[in-house]
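J.: Quick one: structure below, then a few questions.
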Amino acid sequence: MIKIEKVSKDFDEITAVNRVSMEIEEGNVFGLLGTNGAGKSTLLRMVAGILRQDEGEITIDDLKVYDNPKAKSRIFFVSDTPYFFANATPLDMEAYLANQYTDFDKVKFAEFLKTFALEPDRKINTYSKGMKRQLALLLGICSGTKYLLCDESFDGLDPVMRQSVKSIFAREMDERGLTPVIASHNLRELEDICDHVGLLHRGGVLLSKDLEDMKLNIQRVQCVFSSDDEEKKISEGLDVVKDDRSGSLHVYTIRGTREEIEKAFDGVATVFREVLPLSLEEIFISETEVAGYDIKKLILG
């Protein structure tokens, strides 16, 4: 498990990360969302032990990260701008990383290069942006580390390649317990792969929640009440996040399970009623609007 406790980081007068606390469970895909400048890259670099936090503590499997080779051996960090040695080929990077990571899988790496049509002897500086990102991800996967930190790593990948990488993640999680942490500025890139999402904004955490719990514990209800008195019963008895009204039609966003909400409505006289699930995008919009933010401007593009 990765534990981040009240972590802060300043650069001169700029606060990049402000007292962030969250936990990243093993065997889950953790999505770290936020706009450019939200603090995602800085936070990942501190988790990887590249930067030292000014305040707070970061541990990986109860080991402090910074200046700790044992902890760092469990992490591979894929930067948003992948770095490769000058004039290096994929085989050169393999040789270097195999010395750094004792569990580096050369056989698997060779298979991946063939699958993704990446020439092993070709100089990486002649690769396209997307090819470089693919290579960086494959090197990280083959390193054999327990945790793989990906900073905007899906940016620049076409849909087919993105889906291929996600499939590899799923297989590695099943076979050896890989825990990917994926930072992105776009929710739509993560909603079909992540188990848990943390949302950063201006260096702080707006929310950090399990996606399945979020989907199960917030619903949309469309209804028409038989009278104003019946409407008041719902307002008093449920956790109503939002009520959009058009004439006599109410469209509620309500926190609670479907069963809890239907039970509450069973005691209320309605002319029409329908309980509907929300998409992940709609859930995030609701959660952040309550906190006073417009997520549509933050991470939906």
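By convention in this document, the chains of the structure tokens carry letters A, B, ... by their order, each chain's residues are numbered from 1, and ligands are numbered from 1 in the order they are shown.
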Run DSSP on the backbone and give me the residues of range 93-173 of chain A it puts in helix (DSSP H, G or I), as a VMD selection string.
T.: chain A and resid 93 to 100 106 to 115 124 to 126 129 to 142 159 to 173
J.: How about saving the chosen residues, C-alpha atoms kept, as a JSON list (two decimals), in the first residue's frame?
T.:
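This is the output file again_38.json:
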[["chain", "number", "residue", "atom", "x", "y", "z"],
["A", 93, "MET", "CA", 17.33, 0.84, -22.35],
["A", 94, "GLU", "CA", 16.58, -2.80, -21.59],
["A", 95, "ALA", "CA", 20.24, -3.45, -20.68],
["A", 96, "TYR", "CA", 20.34, -0.43, -18.38],
["A", 97, "LEU", "CA", 17.04, -1.13, -16.63],
["A", 98, "ALA", "CA", 17.79, -4.83, -16.22],
["A", 99, "ASN", "CA", 20.73, -3.75, -14.05],
["A", 100, "GLN", "CA", 18.50, -1.48, -12.00],
["A", 106, "LYS", "CA", 13.66, -9.55, -21.04],
["A", 107, "VAL", "CA", 11.61, -12.28, -22.68],
["A", 108, "LYS", "CA", 8.36, -10.43, -22.13],
["A", 109, "PHE", "CA", 9.94, -7.16, -23.33],
["A", 110, "ALA", "CA", 11.02, -8.80, -26.59],
["A", 111, "GLU", "CA", 7.49, -10.12, -27.10],
["A", 112, "PHE", "CA", 5.99, -6.69, -26.45],
["A", 113, "LEU", "CA", 8.35, -4.99, -28.90],
["A", 114, "LYS", "CA", 7.24, -7.44, -31.58],
["A", 115, "THR", "CA", 3.54, -7.04, -30.72],
["A", 124, "ILE", "CA", 14.46, 5.94, -29.97],
["A", 125, "ASN", "CA", 14.98, 9.57, -30.99],
["A", 126, "THR", "CA", 13.54, 8.62, -34.40],
["A", 129, "LYS", "CA", 5.66, 10.73, -29.61],
["A", 130, "GLY", "CA", 3.17, 7.88, -29.36],
["A", 131, "MET", "CA", 5.85, 5.25, -29.95],
["A", 132, "LYS", "CA", 8.02, 6.75, -27.21],
["A", 133, "ARG", "CA", 5.10, 6.60, -24.78],
["A", 134, "GLN", "CA", 4.42, 2.99, -25.73],
["A", 135, "LEU", "CA", 8.06, 2.09, -25.17],
["A", 136, "ALA", "CA", 8.20, 3.84, -21.80],
["A", 137, "LEU", "CA", 5.09, 1.98, -20.63],
["A", 138, "LEU", "CA", 6.43, -1.37, -21.83],
["A", 139, "LEU", "CA", 9.74, -0.81, -20.06],
["A", 140, "GLY", "CA", 7.82, 0.00, -16.89],
["A", 141, "ILE", "CA", 5.63, -3.08, -17.15],
["A", 142, "CYS", "CA", 8.62, -5.34, -17.80],
["A", 159, "PRO", "CA", -7.50, 4.30, -29.08],
["A", 160, "VAL", "CA", -6.30, 0.86, -30.19],
["A", 161, "MET", "CA", -2.94, 1.22, -28.43],
["A", 162, "ARG", "CA", -4.61, 2.64, -25.35],
["A", 163, "GLN", "CA", -6.90, -0.36, -25.13],
["A", 164, "SER", "CA", -3.97, -2.74, -25.67],
["A", 165, "VAL", "CA", -2.04, -1.19, -22.79],
["A", 166, "LYS", "CA", -5.09, -1.39, -20.55],
["A", 167, "SER", "CA", -5.41, -5.09, -21.38],
["A", 168, "ILE", "CA", -1.77, -5.64, -20.46],
["A", 169, "PHE", "CA", -2.35, -3.86, -17.15],
["A", 170, "ALA", "CA", -5.29, -6.15, -16.39],
["A", 171, "ARG", "CA", -3.23, -9.26, -17.15],
["A", 172, "GLU", "CA", -0.26, -8.09, -15.08],
["A", 173, "MET", "CA", -2.54, -7.30, -12.16]]
J.: Excluding Val224 in chain A and residues on its chain fewer than 2 positions from it, collect all residues at most 6 Å away from it, counting only C-alpha atoms, and give them as a ChimeraX atom specification.
T.: /A:248-249,270-272
J.: With only C-alpha atoms as the atoms that count, which of A:Pro180, A:Thr102, A:Asp155, A:Ile283 lies nearest to Lys209 in chain A?
T.: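 Of A:Pro180, A:Thr102, A:Asp155, A:Ile283, the one nearest Lys209 in chain A is A:Ile283, counting only C-alpha atoms.
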J.: Suppose you want the space between CA of Val78 in chain A and CA of Gly203 in chain A; what is it in Å?
T.: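 These two atoms are separated by 20.7 Å.
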J.: List every residue of range 17-188 of chain A that DSSP, applied to the backbone, labels as strand (DSSP E or B), and write the result as JSON, numbers by chain.
T.: {"A": [17, 18, 19, 20, 21, 22, 23, 24, 30, 31, 32, 33, 55, 56, 57, 58, 59, 60, 63, 64, 75, 76, 77, 78, 147, 148, 149, 150, 151, 179, 180, 181, 182, 183, 184]}
J.: Between A:Thr257, A:Ser279, A:Ser79, A:Asn217, which is the closest to Ser41 in chain A once you count only C-alpha atoms?
T.: A:Ser79
J.: Out of A:Ile4, A:Val268, A:Ile24, A:Val205, which residue has the shortest atom-to-atom distance to Gly39 in chain A when counting only C-alpha atoms?
T.: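 So, comparing all the options, the nearest one is A:Val205.
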